[in-house]
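**Student:** Input my_file00.txt, format and content: compact mmCIF, C-alpha atoms.
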# COMPACT_ATOMS: atom_id res chain seq x y z
CA MET A 661 15.20 13.47 16.27
CA ARG A 662 17.82 12.31 13.75
CA ILE A 663 16.59 10.36 10.75
CA LEU A 664 18.50 7.90 8.57
CA VAL A 665 16.87 7.34 5.19
CA GLY A 666 17.73 4.71 2.60
CA VAL A 667 18.32 5.80 -1.00
CA LYS A 668 18.57 3.02 -3.60
CA ARG A 669 19.73 3.43 -7.19
CA VAL A 670 17.61 1.30 -9.53
CA VAL A 671 16.71 0.98 -13.19
CA ASP A 672 14.22 3.74 -13.95
CA TYR A 673 10.63 2.55 -13.66
CA ALA A 674 9.85 3.65 -17.25
CA VAL A 675 12.69 1.63 -18.82
CA LYS A 676 11.99 -1.65 -20.56
CA VAL A 677 14.64 -3.94 -19.09
CA ARG A 678 16.71 -6.35 -21.15
CA VAL A 679 18.33 -9.61 -20.06
CA ALA A 680 21.89 -10.43 -21.02
CA ASN A 681 24.24 -13.10 -19.62
CA ASN A 682 21.63 -14.28 -17.12
CA ALA A 683 21.25 -10.83 -15.57
CA VAL A 684 19.40 -7.58 -16.17
CA ASP A 685 21.50 -5.57 -18.62
CA LEU A 686 22.52 -2.29 -16.98
CA ALA A 687 24.66 -0.98 -19.84
CA SER A 688 23.47 2.42 -21.09
CA VAL A 689 20.27 2.10 -19.05
CA LYS A 690 18.75 5.10 -17.28
CA MET A 691 19.04 4.71 -13.50
CA SER A 692 17.12 6.72 -10.93
CA LEU A 693 16.09 6.93 -7.30
CA ASN A 694 13.86 4.02 -6.27
CA PRO A 695 10.29 5.45 -6.11
CA PHE A 696 9.59 4.06 -2.63
CA CYS A 697 12.90 5.46 -1.35
CA GLU A 698 11.87 8.81 -2.84
CA ILE A 699 8.71 8.67 -0.72
CA ALA A 700 10.84 7.89 2.35
CA VAL A 701 13.07 10.89 1.62
CA GLU A 702 10.04 13.15 1.23
CA GLU A 703 8.60 12.00 4.56
CA ALA A 704 11.92 12.53 6.33
CA VAL A 705 12.21 16.04 4.92
CA ARG A 706 8.64 16.85 5.94
CA LEU A 707 9.38 15.75 9.49
CA LYS A 708 12.36 18.08 9.53
CA GLU A 709 10.34 20.95 8.08
CA SER A 710 7.74 20.47 10.82
CA LYS A 711 10.55 20.77 13.43
CA VAL A 712 10.11 17.16 14.54
CA ALA A 713 13.50 16.13 13.15
CA THR A 714 16.78 18.02 13.41
CA GLU A 715 18.84 16.16 10.79
CA VAL A 716 18.17 13.87 7.84
CA VAL A 717 21.01 11.67 6.58
CA ALA A 718 20.67 9.78 3.28
CA VAL A 719 22.53 6.50 2.73
CA SER A 720 23.12 4.70 -0.56
CA VAL A 721 24.96 1.45 -1.25
CA GLY A 722 26.45 0.80 -4.67
CA PRO A 723 28.88 2.07 -7.33
CA LYS A 724 30.25 5.59 -7.63
CA GLN A 725 27.18 6.63 -9.66
CA CYS A 726 25.16 6.38 -6.44
CA LYS A 727 26.47 9.84 -5.59
CA ASP A 728 24.15 11.21 -8.28
CA THR A 729 21.23 9.46 -6.57
CA LEU A 730 22.33 10.90 -3.23
CA ARG A 731 22.47 14.38 -4.76
CA THR A 732 18.81 13.96 -5.72
CA ALA A 733 17.97 13.22 -2.08
CA LEU A 734 20.08 16.17 -0.93
CA ALA A 735 18.29 18.44 -3.41
CA MET A 736 14.97 17.31 -1.93
CA GLY A 737 16.13 18.46 1.49
CA CYS A 738 18.40 15.90 3.16
CA ASP A 739 21.29 17.45 5.10
CA ARG A 740 24.13 15.13 4.15
CA GLY A 741 24.82 11.82 2.48
CA ILE A 742 26.73 8.62 3.14
CA HIS A 743 27.84 6.56 0.15
CA VAL A 744 28.84 2.97 0.88
CA GLU A 745 30.87 2.26 -2.23
CA THR A 746 30.95 -1.17 -3.85
CA ASP A 747 30.87 -2.57 -7.37
CA LEU A 748 28.62 -5.43 -6.28
CA ARG A 749 25.13 -5.32 -7.76
CA THR A 750 22.34 -4.46 -5.33
CA ASP A 751 19.46 -5.97 -7.35
CA TYR A 752 19.58 -9.27 -5.39
CA THR A 753 22.04 -10.97 -7.72
CA GLU A 754 25.04 -10.13 -5.50
CA LEU A 755 24.15 -7.93 -2.52
CA GLN A 756 20.95 -9.28 -0.97
CA PRO A 757 18.65 -7.74 1.69
CA LEU A 758 20.43 -9.38 4.62
CA ALA A 759 23.74 -7.79 3.60
CA ILE A 760 22.10 -4.39 3.09
CA ALA A 761 20.47 -4.66 6.52
CA GLU A 762 23.87 -5.47 8.06
CA ILE A 763 25.33 -2.36 6.41
CA PHE A 764 22.53 -0.16 7.71
CA GLN A 765 22.89 -1.71 11.16
CA THR A 766 26.56 -0.70 11.24
CA ILE A 767 25.67 2.87 10.28
CA ALA A 768 22.57 3.19 12.47
CA ALA A 769 24.05 1.59 15.59
CA PRO A 770 24.43 4.35 18.19
CA LYS A 771 28.05 5.37 18.77
CA ASP A 772 27.02 7.75 21.54
CA ASP A 773 23.97 9.81 22.50
CA ASN A 774 24.98 12.68 20.22
CA ASN A 775 25.28 10.51 17.11
CA ALA A 776 22.35 8.14 17.66
CA PHE A 777 19.61 7.87 15.05
CA ASP A 778 16.04 7.91 16.30
CA LEU A 779 14.30 6.77 13.13
CA VAL A 780 15.21 4.80 10.02
CA LEU A 781 12.95 5.41 7.01
CA LEU A 782 13.18 3.03 4.07
CA GLY A 783 11.14 2.36 0.96
CA LYS A 784 8.93 -0.68 1.43
CA GLN A 785 10.81 -2.41 -1.42
CA GLY A 786 13.14 -1.82 -4.33
CA ILE A 787 11.49 -2.01 -7.73
CA ASP A 788 14.38 -4.13 -9.02
CA SER A 789 14.23 -7.06 -6.58
CA ASP A 790 10.81 -6.40 -4.96
CA ALA A 791 12.08 -8.24 -1.87
CA GLY A 792 10.74 -5.89 0.82
CA GLN A 793 13.01 -7.50 3.44
CA THR A 794 15.64 -4.93 4.37
CA GLY A 795 13.45 -2.93 6.78
CA PRO A 796 12.16 -5.90 8.81
CA MET A 797 15.62 -7.49 8.92
CA LEU A 798 17.20 -4.25 10.11
CA ALA A 799 14.58 -3.83 12.85
CA GLY A 800 15.21 -7.39 14.02
CA MET A 801 18.98 -6.87 14.12
CA MET A 802 18.67 -3.60 16.02
CA GLY A 803 15.94 -4.85 18.37
CA TRP A 804 13.82 -1.85 17.39
CA PRO A 805 10.06 -1.70 16.81
CA GLN A 806 9.00 -1.57 13.18
CA VAL A 807 6.03 -0.65 11.02
CA THR A 808 5.96 -1.68 7.37
CA PHE A 809 3.92 -0.31 4.43
CA ALA A 810 3.34 3.06 6.12
CA ALA A 811 0.57 5.19 4.58
CA LYS A 812 0.67 7.93 7.25
CA VAL A 813 3.25 8.92 9.87
CA GLU A 814 2.49 11.34 12.70
CA PRO A 815 4.33 12.22 15.94
CA ASN A 816 2.19 11.10 18.87
CA GLY A 817 3.28 13.94 21.15
CA THR A 818 4.97 11.67 23.68
CA GLY A 819 8.21 10.87 21.87
CA GLY A 820 6.82 8.18 19.60
CA LEU A 821 4.91 7.82 16.33
CA LEU A 822 1.41 6.93 15.22
CA VAL A 823 1.70 5.07 11.92
CA GLU A 824 -1.14 4.03 9.65
CA ARG A 825 -0.11 1.05 7.51
CA GLU A 826 -1.51 -0.66 4.45
CA THR A 827 -2.96 -4.16 4.79
CA ASP A 828 -4.66 -6.55 2.39
CA THR A 829 -8.06 -5.49 3.74
CA GLY A 830 -7.51 -1.76 4.27
CA THR A 831 -5.34 0.00 6.84
CA GLU A 832 -4.48 -0.32 10.52
CA SER A 833 -2.90 2.11 12.98
CA ILE A 834 0.19 1.15 14.98
CA GLN A 835 1.38 3.14 17.97
CA ILE A 836 5.15 3.25 18.42
CA THR A 837 5.36 4.36 22.02
CA LYS A 838 9.10 4.98 22.06
CA LEU A 839 11.82 5.57 19.50
CA PRO A 840 14.16 4.45 17.92
CA ALA A 841 12.22 2.55 15.27
CA VAL A 842 12.24 1.42 11.63
CA VAL A 843 9.44 2.43 9.24
CA THR A 844 9.09 1.35 5.61
CA CYS A 845 7.11 3.64 3.31
CA ASP A 846 4.29 2.75 0.94
CA LEU A 847 2.90 4.54 -2.09
CA ARG A 848 0.08 6.47 -0.39
CA LEU A 849 2.28 8.08 2.27
CA ASN A 850 2.99 11.25 0.28
CA GLU A 851 3.73 12.72 -3.12
CA PRO A 852 7.45 13.51 -3.43
CA ARG A 853 8.42 17.04 -4.38
CA TYR A 854 10.38 18.04 -7.45
CA ALA A 855 13.81 19.39 -6.63
CA THR A 856 14.06 23.04 -7.64
CA LEU A 857 17.09 24.37 -9.53
CA PRO A 858 18.36 26.41 -6.53
CA ASN A 859 18.14 23.32 -4.31
CA ILE A 860 19.92 21.22 -6.94
CA MET A 861 22.75 23.74 -6.92
CA LYS A 862 22.82 23.79 -3.10
CA ALA A 863 22.95 19.98 -3.04
CA LYS A 864 26.30 20.06 -4.83
CA LYS A 865 27.81 21.75 -1.78
CA LYS A 866 26.31 19.41 0.82
CA PRO A 867 28.73 16.83 2.27
CA VAL A 868 28.73 13.24 1.02
CA GLU A 869 30.94 10.82 2.95
CA THR A 870 32.26 7.85 0.96
CA ILE A 871 32.95 4.64 2.88
CA PRO A 872 34.30 1.48 1.22
CA LEU A 873 32.04 -1.50 1.83
CA SER A 874 34.95 -3.47 3.30
CA ASP A 875 35.28 -0.87 6.08
CA LEU A 876 31.78 -1.66 7.36
CA VAL A 877 31.21 -5.40 6.93
CA SER A 878 33.28 -8.51 6.29
CA VAL A 879 33.29 -10.60 3.12
CA ASP A 880 31.17 -13.40 4.63
CA VAL A 881 28.39 -10.91 5.43
CA VAL A 882 27.97 -9.83 1.81
CA GLU A 883 28.04 -13.40 0.49
CA PRO A 884 24.62 -14.16 -1.10
CA ARG A 885 22.48 -16.59 0.89
CA ASN A 886 20.33 -17.47 -2.12
CA LYS A 887 21.51 -18.45 -5.59
CA ILE A 888 19.67 -17.13 -8.63
CA VAL A 889 19.37 -20.02 -11.06
CA GLU A 890 18.07 -18.16 -14.09
CA ILE A 891 16.89 -14.71 -15.18
CA TYR A 892 14.80 -14.50 -18.34
CA GLU A 893 12.40 -12.16 -20.07
CA PRO A 894 8.69 -13.04 -19.99
CA PRO A 895 7.39 -14.67 -23.19
CA LYS A 896 5.95 -12.34 -25.78
CA ARG A 897 2.18 -12.13 -25.84
CA LYS A 898 0.45 -13.76 -28.78
CA GLN A 899 -1.30 -11.46 -31.20
CA GLY A 900 -5.00 -11.06 -30.48
CA VAL A 901 -7.75 -12.00 -32.93
CA MET A 902 -11.03 -10.34 -33.79
CA VAL A 903 -14.27 -12.31 -33.64
CA ASP A 904 -17.50 -11.53 -35.43
CA THR A 905 -20.05 -12.98 -33.03
CA VAL A 906 -20.51 -13.76 -29.36
CA GLN A 907 -20.92 -17.40 -30.23
CA GLU A 908 -17.51 -17.42 -31.93
CA LEU A 909 -15.98 -15.79 -28.84
CA VAL A 910 -17.53 -18.38 -26.53
CA ASP A 911 -16.34 -21.17 -28.84
CA LYS A 912 -12.73 -19.92 -28.76
CA LEU A 913 -12.79 -19.47 -24.98
CA ARG A 914 -14.13 -22.97 -24.54
CA ASN A 915 -12.16 -24.92 -27.14
CA GLU A 916 -8.91 -22.96 -27.59
CA ALA A 917 -8.30 -21.05 -24.36
CA LYS A 918 -9.94 -23.80 -22.28
CA VAL A 919 -11.22 -21.25 -19.75
CA LEU A 920 -14.89 -22.23 -20.07
CA PRO A 921 -16.39 -25.63 -19.27
So, in terms of structure tokens, how does the structure I just supplied come out?

**Tutor:**
Amino acid sequence: MRILVGVKRVVDYAVKVRVANNAVDLASVKMSLNPFCEIAVEEAVRLKESKVATEVVAVSVGPKQCKDTLRTALAMGCDRGIHVETDLRTDYTELQPLAIAEIFQTIAAPKDDNNAFDLVLLGKQGIDSDAGQTGPMLAGMMGWPQVTFAAKVEPNGTGGLLVERETDTGTESIQITKLPAVVTCDLRLNEPRYATLPNIMKAKKKPVETIPLSDLVSVDVVEPRNKIVEIYEPPKRKQGVMVDTVQELVDKLRNEAKVLP
């Protein structure tokens, strides 16, 4: 089994974002591997370690700094990386999920039996756009079965996968009888490992292929389908007040907050 795993470079989850010129300001902001993509990488590496997979290839779309994000995935255990280089933003303002899915389709499409991918693992969503659309779109384009929000992935012993997925009411199990397939990974699937120093050093020697975006898709494919009208920071919360009695609290909730009849 050969696995293709998506690796997205996003603003670090601990950073307080700023808005400038109707966009999230990325200047001097710490960037890191999207947490859900990190879970996908961990699951792919675990499948390889259990001898289910033979190769794990990480793919990232974005500027030259994406190579640092790919090196993180390589240090976790991926075998090689593919960097689709572009200066277009990937946080929905310029490159949107449909374009990303088209890029992954071009890479994942089987050239021959020796180079075919059997499984595409993606994070369920990027924490910058929170769209959660790339995986389902890719599966539709490829005509492959898909399972989203995976909380557990197990080989079924017959060339497929048994995937437990998150739902609004709990979980459900989906049997993928035959690969290839697309699976998007949720938070409970695993706990990603920390890359050790020896593996970080080894990752520097692993191959990363750089492909210009224009070599994979045409200009009309990357054209945004949706226009973002405005990006703004949420309003600051009003300072809270202390009350002396329950009656005063009820009075404020009823007459000022208008949340009580």

**Student:** Could you state the separation of atom CA of Asp751 of chain A and atom CA of Ala776 of chain A in Å, given to one decimal place?

**Tutor:** 28.9 Å

**Student:** One decimal, in Å: what's the spacing between atom CA of Glu832 of chain A and atom CA of Val807 of chain A?

**Tutor:**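 Those two atoms sit 10.5 Å apart.
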
**Student:** Check the smallest atom-to-atom distance from each of A:Pro921, A:Gly900, A:Pro770, A:Pro894 to Lys676 of chain A using only C-alpha atoms, then report the winner.

**Tutor:**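 The answer is A:Pro894, which sits nearest to Lys676 of chain A.
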
**Student:** Please provide the set of residues having any atom within 9 Å of segment 778-791 of chain A, restricted to all atoms listed in the file, with same-chain residues fewer than 6 positions apart removed, written as a VMD selection string.

**Tutor:** chain A and resid 661 to 673 694 to 701 703 to 704 750 to 753 756 to 757 768 808 to 810 839 to 847

**Student:** Which residue gives the smallest distance to Cys726 of chain A among A:Val689, A:Ile767, A:Leu758, A:Val744, with all atoms listed in the file counted?

**Tutor:**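 Under the stated criterion, the closest residue is A:Val744.
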
**Student:** With only C-alpha atoms as the counted atoms, please give the residues lying no more than 7 Å from Thr746 of chain A, apart from itself and same-chain residues fewer than 3 positions off, as a PyMOL selection string.

**Tutor:** chain A and resi 722-723+872-873
